[in-house]
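Have a look at work_33.txt; it's compact mmCIF, C-alpha atoms:
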# COMPACT_ATOMS: atom_id res chain seq x y z
CA MET A 18 -82.65 -215.43 -58.20
CA SER A 19 -84.84 -216.35 -61.17
CA TYR A 20 -81.77 -217.41 -63.17
CA LEU A 21 -80.64 -219.62 -60.28
CA LEU A 22 -84.06 -221.28 -60.08
CA ARG A 23 -83.99 -221.91 -63.83
CA LEU A 24 -80.65 -223.66 -63.34
CA PHE A 25 -82.12 -225.72 -60.51
CA ASP A 26 -85.00 -226.72 -62.77
CA LEU A 27 -82.53 -228.66 -64.94
CA PHE A 28 -81.81 -231.01 -62.04
CA LEU A 29 -85.34 -231.43 -60.69
CA PRO A 30 -87.28 -234.60 -61.54
CA PRO A 31 -90.85 -234.20 -62.81
CA SER A 32 -92.21 -235.74 -59.59
CA LEU A 33 -91.09 -232.68 -57.60
CA CYS A 34 -92.71 -230.22 -60.00
CA THR A 35 -96.29 -231.35 -59.40
CA ASN A 36 -97.05 -228.89 -56.59
CA PRO A 37 -95.42 -225.82 -54.99
CA ALA A 38 -94.56 -227.59 -51.71
CA SER A 39 -92.62 -230.39 -53.44
CA LEU A 40 -90.99 -227.90 -55.77
CA ILE A 41 -89.71 -225.73 -52.95
CA ARG A 42 -88.29 -228.79 -51.16
CA GLY A 43 -86.35 -229.62 -54.30
CA TYR A 44 -85.11 -226.03 -54.55
CA ILE A 45 -83.95 -226.10 -50.91
CA LEU A 46 -82.06 -229.38 -51.45
CA LEU A 47 -80.38 -228.06 -54.59
CA GLY A 48 -79.60 -224.78 -52.86
CA LEU A 49 -77.91 -226.60 -49.96
CA ILE A 50 -75.98 -228.87 -52.32
CA SER A 51 -74.77 -225.82 -54.24
CA ALA A 52 -73.73 -224.06 -51.02
CA ASN A 53 -71.94 -227.19 -49.77
CA VAL A 54 -70.10 -227.61 -53.07
CA LEU A 55 -68.90 -224.01 -52.75
CA PHE A 56 -67.75 -224.59 -49.16
CA ALA A 57 -66.01 -227.83 -50.14
CA VAL A 58 -64.09 -226.06 -52.89
CA VAL A 59 -63.12 -223.20 -50.57
CA SER A 60 -62.09 -225.69 -47.89
CA MET A 61 -60.00 -227.61 -50.42
CA LEU A 62 -58.17 -224.43 -51.39
CA ALA A 63 -57.62 -223.55 -47.73
CA LEU A 64 -56.30 -227.03 -46.96
CA ARG A 65 -53.94 -226.82 -49.90
CA PHE A 66 -52.62 -223.29 -49.54
CA ALA A 67 -53.46 -221.90 -46.08
CA LEU A 68 -52.72 -224.83 -43.76
CA ASP A 69 -49.45 -226.67 -43.33
CA LEU A 70 -50.68 -230.26 -43.09
CA GLY A 71 -47.54 -231.88 -44.42
CA GLU A 72 -47.97 -235.57 -45.17
CA SER A 73 -51.58 -235.44 -43.94
CA LEU A 74 -52.66 -233.18 -46.80
CA PRO A 75 -53.69 -236.02 -49.19
CA ILE A 76 -55.98 -237.49 -46.51
CA ALA A 77 -57.66 -234.13 -45.88
CA LEU A 78 -58.06 -233.51 -49.59
CA GLY A 79 -59.40 -237.05 -50.01
CA LEU A 80 -62.15 -236.43 -47.42
CA ASP A 81 -63.03 -233.15 -49.08
CA THR A 82 -63.18 -234.91 -52.45
CA LEU A 83 -65.41 -237.59 -50.91
CA CYS A 84 -67.82 -234.80 -49.96
CA LEU A 85 -67.94 -233.58 -53.55
CA VAL A 86 -68.52 -237.12 -54.82
CA GLY A 87 -71.32 -237.56 -52.28
CA TYR A 88 -72.98 -234.36 -53.45
CA ALA A 89 -72.77 -235.55 -57.06
CA VAL A 90 -74.30 -238.94 -56.14
CA ALA A 91 -77.13 -237.30 -54.17
CA LEU A 92 -77.81 -234.99 -57.11
CA ALA A 93 -77.83 -237.91 -59.58
CA VAL A 94 -80.23 -239.90 -57.39
CA LEU A 95 -82.55 -236.90 -57.20
CA ARG A 96 -82.46 -236.21 -60.93
CA TYR A 97 -82.77 -239.73 -62.31
CA SER A 98 -84.77 -241.60 -59.67
CA GLY A 99 -86.88 -238.74 -58.34
CA LYS A 100 -86.44 -240.10 -54.80
CA TYR A 101 -86.11 -236.96 -52.74
CA GLN A 102 -85.91 -238.70 -49.35
CA LEU A 103 -83.17 -241.08 -50.53
CA SER A 104 -81.17 -238.21 -51.99
CA CYS A 105 -81.37 -236.28 -48.72
CA HIS A 106 -80.35 -239.30 -46.62
CA LEU A 107 -77.39 -239.96 -48.94
CA LEU A 108 -76.26 -236.35 -48.58
CA LEU A 109 -76.52 -236.55 -44.78
CA ALA A 110 -74.78 -239.93 -44.67
CA VAL A 111 -71.80 -238.60 -46.65
CA HIS A 112 -71.63 -235.57 -44.36
CA THR A 113 -71.72 -237.73 -41.27
CA VAL A 114 -69.10 -240.22 -42.47
CA VAL A 115 -66.68 -237.49 -43.56
CA ILE A 116 -67.13 -235.43 -40.39
CA PHE A 117 -66.65 -238.25 -37.89
CA THR A 118 -63.84 -239.79 -39.91
CA GLY A 119 -62.20 -236.37 -39.79
CA VAL A 120 -62.75 -236.25 -36.03
CA GLN A 121 -61.06 -239.61 -35.48
CA ILE A 122 -57.98 -238.84 -37.61
CA THR A 123 -57.39 -235.39 -36.10
CA GLY A 124 -57.05 -236.35 -32.44
CA GLY A 125 -60.49 -237.67 -31.57
CA TYR A 126 -63.34 -236.15 -29.59
CA LEU A 127 -61.21 -234.24 -27.08
CA ALA A 128 -58.74 -232.71 -29.52
CA SER A 129 -60.23 -232.60 -33.01
CA PRO A 130 -61.15 -229.23 -34.55
CA VAL A 131 -63.54 -231.07 -36.90
CA LEU A 132 -66.11 -232.02 -34.23
CA GLN A 133 -67.83 -228.62 -34.32
CA VAL A 134 -68.84 -229.22 -37.94
CA SER A 135 -71.13 -232.07 -36.79
CA LEU A 136 -73.68 -229.36 -35.92
CA LEU A 137 -74.47 -229.16 -39.63
CA VAL A 138 -75.87 -232.71 -39.79
CA PRO A 139 -79.06 -232.23 -37.70
CA VAL A 140 -79.53 -228.66 -39.01
CA VAL A 141 -79.54 -229.85 -42.63
CA ALA A 142 -81.72 -232.86 -41.71
CA PHE A 143 -84.40 -230.70 -40.14
CA LEU A 144 -84.36 -228.29 -43.08
CA LEU A 145 -84.56 -230.98 -45.75
CA LEU A 146 -86.66 -233.73 -44.18
CA GLY A 147 -88.72 -232.19 -41.42
CA LEU A 148 -89.32 -233.06 -37.78
CA TYR A 149 -89.06 -236.82 -37.40
CA PRO A 150 -86.16 -237.48 -39.84
CA GLY A 151 -84.45 -234.46 -38.28
CA ILE A 152 -84.79 -236.02 -34.83
CA LEU A 153 -83.41 -239.29 -36.24
CA TRP A 154 -80.29 -237.61 -37.58
CA LEU A 155 -79.96 -235.61 -34.36
CA TRP A 156 -79.79 -238.86 -32.40
CA ILE A 157 -77.36 -240.36 -34.93
CA THR A 158 -75.11 -237.32 -34.45
CA ILE A 159 -75.39 -237.55 -30.67
CA GLY A 160 -74.71 -241.32 -30.77
CA LEU A 161 -71.59 -240.93 -32.92
CA SER A 162 -70.41 -238.07 -30.71
CA LEU A 163 -70.81 -240.25 -27.62
CA ALA A 164 -68.97 -243.09 -29.34
CA ALA A 165 -66.15 -240.71 -30.25
CA TYR A 166 -66.07 -239.47 -26.66
CA ALA A 167 -65.92 -243.00 -25.29
CA GLY A 168 -63.11 -243.83 -27.71
CA ALA A 169 -61.20 -240.75 -26.59
CA ARG A 170 -61.61 -241.66 -22.91
CA LEU A 171 -60.46 -245.22 -23.59
CA GLY A 172 -57.67 -244.10 -25.88
CA VAL A 173 -58.81 -246.17 -28.86
CA GLY A 174 -60.10 -245.47 -32.37
CA GLN A 175 -58.32 -242.19 -33.09
CA ILE A 176 -55.04 -240.93 -34.48
CA GLN A 177 -53.52 -237.50 -34.81
CA LEU A 178 -52.50 -236.40 -38.30
CA LEU A 179 -52.14 -232.76 -37.30
CA HIS A 180 -48.56 -232.82 -36.12
CA SER A 181 -48.36 -229.05 -35.76
CA GLN A 182 -50.21 -227.19 -33.03
CA ASP A 183 -50.40 -224.19 -35.32
CA ALA A 184 -52.07 -226.31 -38.03
CA ALA A 185 -54.63 -227.61 -35.50
CA ALA A 186 -55.39 -224.08 -34.30
CA ALA A 187 -55.69 -222.76 -37.87
CA MET A 188 -58.02 -225.63 -38.84
CA TYR A 189 -60.15 -224.99 -35.75
CA VAL A 190 -60.57 -221.33 -36.68
CA MET A 191 -61.29 -222.16 -40.31
CA LEU A 192 -63.86 -224.83 -39.48
CA PHE A 193 -65.48 -222.59 -36.87
CA TYR A 194 -66.24 -219.99 -39.50
CA VAL A 195 -67.18 -222.65 -42.04
CA THR A 196 -69.73 -224.00 -39.53
CA ILE A 197 -71.15 -220.55 -38.81
CA ILE A 198 -71.33 -219.57 -42.47
CA ALA A 199 -72.70 -222.95 -43.59
CA THR A 200 -75.40 -222.94 -40.89
CA GLY A 201 -76.34 -219.35 -41.68
CA GLY A 202 -76.26 -220.12 -45.39
CA ALA A 203 -78.52 -223.15 -44.96
CA LEU A 204 -81.04 -221.13 -42.95
CA THR A 205 -80.83 -218.28 -45.45
CA VAL A 206 -81.49 -220.63 -48.36
CA TYR A 207 -84.47 -222.07 -46.49
CA GLU A 208 -85.93 -218.68 -45.57
CA VAL A 209 -85.44 -217.18 -49.03
CA LEU A 210 -86.97 -220.12 -50.86
CA ASN A 211 -89.71 -220.59 -48.28
CA GLY A 212 -90.56 -216.89 -48.60
CA MET A 213 -90.78 -217.31 -52.37
CA LEU A 214 -93.12 -220.26 -51.89
CA LYS A 215 -95.36 -218.26 -49.58
CA ARG A 216 -95.54 -215.40 -52.06
CA GLU A 217 -96.32 -217.78 -54.91
CA LEU A 218 -99.02 -219.51 -52.87
CA MET A 219 -100.50 -216.16 -51.87
CA ALA A 220 -100.52 -215.00 -55.48
CA GLU A 221 -102.13 -218.27 -56.51
CA LYS A 222 -104.70 -217.90 -53.74
CA VAL A 223 -105.52 -214.38 -54.91
CA LYS A 224 -105.91 -215.64 -58.48
CA LEU A 225 -108.21 -218.46 -57.38
CA GLU A 226 -110.28 -216.14 -55.21
CA HIS A 227 -110.58 -213.67 -58.09
CA TRP A 228 -111.49 -216.47 -60.49
CA ALA A 229 -114.17 -217.75 -58.09
CA SER A 230 -115.68 -214.32 -57.45
CA HIS A 231 -115.36 -212.59 -60.83
CA ASP A 232 -116.79 -213.03 -64.29
CA ASP A 233 -114.27 -214.49 -66.75
CA LEU A 234 -115.45 -212.41 -69.71
CA THR A 235 -115.89 -208.92 -68.26
CA GLY A 236 -113.67 -209.08 -65.17
CA VAL A 237 -116.37 -207.64 -62.91
CA PRO A 238 -117.74 -209.51 -59.86
CA ASN A 239 -120.01 -212.45 -60.63
CA ARG A 240 -123.44 -213.27 -59.23
CA PHE A 241 -122.04 -214.99 -56.12
CA GLU A 242 -119.78 -212.03 -55.27
CA PHE A 243 -122.63 -209.59 -55.95
CA PHE A 244 -124.83 -211.19 -53.30
CA ARG A 245 -121.92 -211.44 -50.85
CA ARG A 246 -121.13 -207.73 -51.23
CA LEU A 247 -124.81 -206.82 -51.02
CA ARG A 248 -125.21 -208.66 -47.70
CA ALA A 249 -122.07 -206.98 -46.35
CA GLY A 250 -123.26 -203.58 -47.62
CA ILE A 251 -126.63 -203.96 -45.96
CA ASP A 252 -125.00 -204.94 -42.65
CA GLU A 253 -122.77 -201.87 -42.79
CA ALA A 254 -125.65 -199.61 -43.82
CA SER A 255 -127.68 -200.92 -40.90
CA GLU A 256 -124.95 -199.94 -38.44
CA ARG A 257 -124.44 -196.50 -39.97
CA GLU A 258 -128.11 -195.88 -40.82
CA HIS A 259 -127.28 -195.39 -44.51
CA LYS A 260 -129.22 -196.32 -47.61
CA VAL A 261 -128.14 -198.80 -50.27
CA GLY A 262 -129.35 -198.81 -53.84
CA VAL A 263 -129.72 -202.10 -55.74
CA VAL A 264 -129.95 -201.79 -59.53
CA TYR A 265 -130.76 -204.56 -62.01
CA ILE A 266 -129.89 -203.86 -65.65
CA ASP A 267 -131.02 -205.78 -68.72
CA LEU A 268 -129.55 -204.96 -72.15
CA ASP A 269 -132.16 -204.36 -74.84
CA GLY A 270 -131.10 -205.23 -78.37
CA PHE A 271 -128.37 -207.61 -77.26
CA LYS A 272 -129.87 -210.78 -78.75
CA PRO A 273 -129.87 -209.44 -82.36
CA ILE A 274 -126.17 -208.63 -81.99
CA ASN A 275 -125.44 -212.23 -81.02
CA ASP A 276 -127.66 -213.63 -83.77
CA GLU A 277 -126.64 -211.31 -86.62
CA LEU A 278 -123.04 -210.33 -85.81
CA GLY A 279 -121.93 -213.40 -83.87
CA HIS A 280 -121.15 -214.25 -80.27
CA HIS A 281 -117.79 -212.53 -80.49
CA MET A 282 -119.52 -209.19 -81.03
CA GLY A 283 -121.90 -209.99 -78.19
CA ASP A 284 -118.92 -210.62 -75.90
CA GLU A 285 -117.37 -207.32 -76.94
CA ALA A 286 -120.64 -205.55 -76.16
CA LEU A 287 -120.74 -207.06 -72.66
CA LYS A 288 -117.13 -206.07 -71.99
CA ALA A 289 -117.77 -202.53 -73.22
CA VAL A 290 -120.87 -202.11 -71.04
CA ALA A 291 -119.08 -203.47 -67.97
CA LYS A 292 -116.18 -201.08 -68.52
CA ARG A 293 -118.49 -198.09 -68.96
CA LEU A 294 -120.51 -198.92 -65.86
CA ARG A 295 -117.37 -199.12 -63.73
CA LYS A 296 -116.17 -195.83 -65.17
CA VAL A 297 -119.37 -193.91 -64.48
CA LEU A 298 -119.79 -195.24 -60.92
CA ARG A 299 -117.86 -194.44 -57.73
CA LEU A 300 -115.03 -196.65 -56.43
CA SER A 301 -117.26 -197.67 -53.52
CA ASP A 302 -119.97 -198.95 -55.90
CA THR A 303 -120.10 -202.48 -57.28
CA THR A 304 -120.70 -203.50 -60.87
CA ALA A 305 -121.46 -207.20 -61.33
CA ARG A 306 -122.52 -209.44 -64.17
CA LEU A 307 -125.44 -211.55 -62.99
CA GLY A 308 -125.55 -213.75 -66.08
CA GLY A 309 -126.27 -213.44 -69.79
CA ASP A 310 -126.86 -209.78 -70.59
CA GLU A 311 -127.91 -208.81 -67.06
CA PHE A 312 -125.83 -206.65 -64.73
CA GLY A 313 -126.32 -205.70 -61.11
CA LEU A 314 -125.16 -202.59 -59.27
CA ILE A 315 -124.73 -201.92 -55.56
CA LEU A 316 -124.78 -198.22 -54.63
CA PRO A 317 -123.95 -197.74 -50.93
CA GLY A 318 -124.47 -194.49 -49.05
CA ILE A 319 -126.82 -192.89 -51.57
CA HIS A 320 -129.40 -190.18 -51.00
CA VAL A 321 -132.89 -190.78 -52.27
CA PRO A 322 -134.18 -189.52 -54.61
CA GLN A 323 -131.41 -187.00 -55.42
CA ASP A 324 -128.57 -189.43 -56.18
CA ILE A 325 -130.85 -191.82 -58.05
CA GLU A 326 -132.07 -189.02 -60.30
CA ILE A 327 -128.47 -188.05 -61.07
CA ILE A 328 -126.77 -191.42 -61.50
CA MET A 329 -129.42 -193.40 -63.38
CA PRO A 330 -129.49 -191.11 -66.48
CA LYS A 331 -125.67 -191.30 -66.55
CA ILE A 332 -125.85 -195.09 -66.51
CA LEU A 333 -128.37 -195.22 -69.33
CA ALA A 334 -126.33 -192.73 -71.38
CA ALA A 335 -123.15 -194.77 -70.89
CA ILE A 336 -124.89 -197.95 -72.04
CA ARG A 337 -126.37 -196.41 -75.19
CA GLU A 338 -123.07 -195.02 -76.45
CA PRO A 339 -122.13 -196.69 -79.77
CA ILE A 340 -119.78 -199.66 -79.52
CA ARG A 341 -117.15 -200.00 -82.22
CA VAL A 342 -115.35 -203.28 -82.90
CA GLY A 343 -113.05 -202.95 -85.87
CA GLU A 344 -115.11 -201.53 -88.70
CA VAL A 345 -118.41 -202.54 -87.12
CA GLU A 346 -120.44 -200.17 -84.98
CA PHE A 347 -123.56 -201.05 -83.01
CA SER A 348 -125.33 -200.08 -79.82
CA VAL A 349 -127.54 -201.48 -77.07
CA ARG A 350 -129.98 -199.93 -74.63
CA GLY A 351 -130.51 -200.51 -70.96
CA SER A 352 -133.58 -201.17 -68.85
CA CYS A 353 -132.89 -200.57 -65.16
CA GLY A 354 -134.84 -201.42 -62.04
CA VAL A 355 -133.98 -199.84 -58.67
CA ALA A 356 -134.76 -200.94 -55.11
CA ILE A 357 -133.62 -199.10 -51.99
CA TYR A 358 -132.58 -200.39 -48.58
CA PRO A 359 -134.30 -199.88 -46.16
CA ASN A 360 -137.12 -198.05 -47.96
CA HIS A 361 -138.38 -201.09 -49.83
CA SER A 362 -137.02 -203.90 -47.68
CA GLN A 363 -134.30 -204.77 -45.18
CA ASP A 364 -133.80 -208.21 -46.73
CA TYR A 365 -131.24 -208.50 -49.54
CA ASP A 366 -133.20 -211.24 -51.32
CA ALA A 367 -136.37 -209.16 -51.34
CA LEU A 368 -134.44 -206.12 -52.59
CA CYS A 369 -133.13 -208.14 -55.53
CA ARG A 370 -136.62 -209.35 -56.38
CA TYR A 371 -137.95 -205.81 -56.23
CA ALA A 372 -135.12 -204.45 -58.40
CA ASP A 373 -135.81 -207.25 -60.89
CA ALA A 374 -139.54 -206.43 -60.90
CA ALA A 375 -138.82 -202.74 -61.50
CA MET A 376 -136.43 -203.68 -64.32
CA TYR A 377 -139.16 -205.61 -66.11
CA ARG A 378 -141.42 -202.56 -65.83
CA ALA A 379 -138.66 -200.42 -67.35
CA LYS A 380 -138.38 -202.86 -70.28
CA GLU A 381 -141.88 -201.84 -71.35
CA GLN A 382 -140.38 -198.53 -72.36
CA SER A 383 -136.68 -199.46 -72.92
CA ASP A 384 -133.73 -197.14 -72.33
CA SER A 385 -135.31 -196.11 -69.04
CA TYR A 386 -135.25 -196.85 -65.32
CA ARG A 387 -137.97 -197.47 -62.78
CA VAL A 388 -137.81 -197.36 -58.99
CA PHE A 389 -139.74 -200.15 -57.31
CA GLN A 390 -143.27 -199.43 -56.16
CA ASP A 391 -145.82 -201.63 -54.47
CA GLY A 392 -147.77 -203.66 -56.97
CA MET A 393 -144.94 -204.28 -59.39
CA GLN A 394 -144.39 -207.90 -60.42
CA ALA A 395 -141.27 -209.55 -61.80
CA ASP A 396 -142.90 -210.34 -65.12
CA PRO A 397 -145.95 -208.35 -66.18
CA ALA A 398 -146.73 -210.93 -68.80
Render the structure in this file as structure tokens.
Amino acid sequence: MSYLLRLFDLFLPPSLCTNPASLIRGYILLGLISANVLFAVVSMLALRFALDLGESLPIALGLDTLCLVGYAVALAVLRYSGKYQLSCHLLLAVHTVVIFTGVQITGGYLASPVLQVSLLVPVVAFLLLGLYPGILWLWITIGLSLAAYAGARLGVGQIQLLHSQDAAAAMYVMLFYVTIIATGGALTVYEVLNGMLKRELMAEKVKLEHWASHDDLTGVPNRFEFFRRLRAGIDEASEREHKVGVVYIDLDGFKPINDELGHHMGDEALKAVAKRLRKVLRLSDTTARLGGDEFGLILPGIHVPQDIEIIMPKILAAIREPIRVGEVEFSVRGSCGVAIYPNHSQDYDALCRYADAAMYRAKEQSDSYRVFQDGMQADPA
């Protein structure tokens, strides 16, 4: 399928490549043109070798050739003018002219085996152009059918080039299956390409949501996503009567790395710390970058103080491990502040303030953690 779409791209004007919806409309049009070209060629072979049309064969082949010319014109209009609507209307007009001309020269409304093919006109119109143009072409088809019926009742406007009853019956059967296959093919093309569009849009939506909620450098959730998850975690903990730990982490010794080794090394340090934090924590925990060299952790369903006394030394040990970038090796330390829901507060904003205050207390010692206690302030200075 990807190779087919690459081929279609050669015929698409730039105006249809600006957004996925326009692009998929162009793909559907090109897919239908391709399918119709295939059917026209097959029909031409059947007219030439399977049906005994006698002297009427050149007329039948001429109508089939007119279809192919119409497809080529519609394709040229699409490629060089970029006018999608005009291209679709040209394609439908050629279809309609050929079909109802075929009806009138093969016995008219009451006898022609070609009439059944007129079903394709509104089907293709709805697929290519949508509701209102589809209704327009539906009424055009109905109007021409009524005109053909009136002509048949009055005995005017039609001739019979199918002199053999066997040829008429064979053409009826052939066109019946052509109509079924063409209609099914058109709907299949639409569903396949529309499904591809939906998958592409969903993938794009996932990318955008990830971009909006995650840090570009480290790949972990950003500050906005951290607070969203914290609110959701507190709501769930409230229902289940669980505790939630909130941890703020500040990297000590990070600024000298940026100043002396360059921002590239600082970025590598942040990525290394984020990776280590995710590795040492559970899948249910959240590691987020709050900005600069600060990280935040959400630890749902913890037991206090047992889990805190186990996990916090692991976090500090993971942070202090040497970081190697090429031939350069350096390290940072962590200062961590911890606040617990609901022990310290039931409000997520207050918990964050308390974790931040405890973190600043931990910075007095570095490479340590402190659990919030009454009387702590965000900045002891």
Once you count only C-alpha atoms, what closest atom pair and distance in Å to one decimal does each residue of range 239-318 of chain A within 9 Å of range 231-235 of chain A have, with rows by chain and rising residue number, as CSV?
residue,atom,partner,partner_atom,distance
A:Asn239,CA,A:His231,CA,4.7
A:Arg240,CA,A:His231,CA,8.3
A:Phe241,CA,A:His231,CA,8.5
A:Glu242,CA,A:His231,CA,7.1
A:Asp284,CA,A:Leu234,CA,7.3
A:Glu285,CA,A:Thr235,CA,8.9
A:Leu287,CA,A:Thr235,CA,6.8
A:Lys288,CA,A:Thr235,CA,4.9
A:Ala289,CA,A:Thr235,CA,8.3
A:Val290,CA,A:Thr235,CA,8.9
A:Ala291,CA,A:Thr235,CA,6.3
A:Lys292,CA,A:Thr235,CA,7.8
A:Ala305,CA,A:Asp232,CA,8.0
A:Arg306,CA,A:Asp232,CA,6.8
A:Leu307,CA,A:Asp232,CA,8.9
A:Gly308,CA,A:Asp232,CA,9.0
Please, which residues in range 122-232 of chain A fall within 10 Å of range 81-102 of chain A when counting only C-alpha atoms, and what is the closest atom pair and distance in Å to one decimal for each, ordered by chain then residue number, as a tab-separated table?
residue	atom	partner	partner_atom	distance
A:Leu145	CA	A:Gln102	CA	8.6
A:Leu146	CA	A:Gln102	CA	7.2
A:Pro150	CA	A:Gln102	CA	9.6
Could you save the residues just selected, with C-alpha atoms, as an mmCIF file, in the coordinates of the input?
data_model
loop_
_atom_site.group_PDB
_atom_site.id
_atom_site.type_symbol
_atom_site.label_atom_id
_atom_site.label_comp_id
_atom_site.auth_asym_id
_atom_site.auth_seq_id
_atom_site.Cartn_x
_atom_site.Cartn_y
_atom_site.Cartn_z
ATOM 1 C CA LEU A 145 -84.560 -230.980 -45.750
ATOM 2 C CA LEU A 146 -86.660 -233.730 -44.180
ATOM 3 C CA PRO A 150 -86.160 -237.480 -39.840
#
(request) Figure out the distance between CA of Ile325 in chain A and CA of Arg370 in chain A, please, to one decimal in Å. (result)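 Distance between the two atoms: 18.5 Å.
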(request) For Tyr194 in chain A, list every protein, DNA or RNA residue within 12 Å, evaluated using only C-alpha atoms, and leave out those in the same chain fewer than 6 positions away; present the list as a PyMOL selection string. (result) chain A and resi 56+59-60+130-131+133-134+187-188+200-202
(request) Report the distance between CA of Gln121 in chain A and CA of Ile176 in chain A in Å, rounded to one decimal place. (result)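 These two atoms are separated by 6.2 Å.
Proximity to Gly250 in chain A was assessed for A:Pro359, A:Gly283, A:Gly160, A:Gly270 counting all atoms listed in the file; the smallest distance is recorded for A:Pro359.
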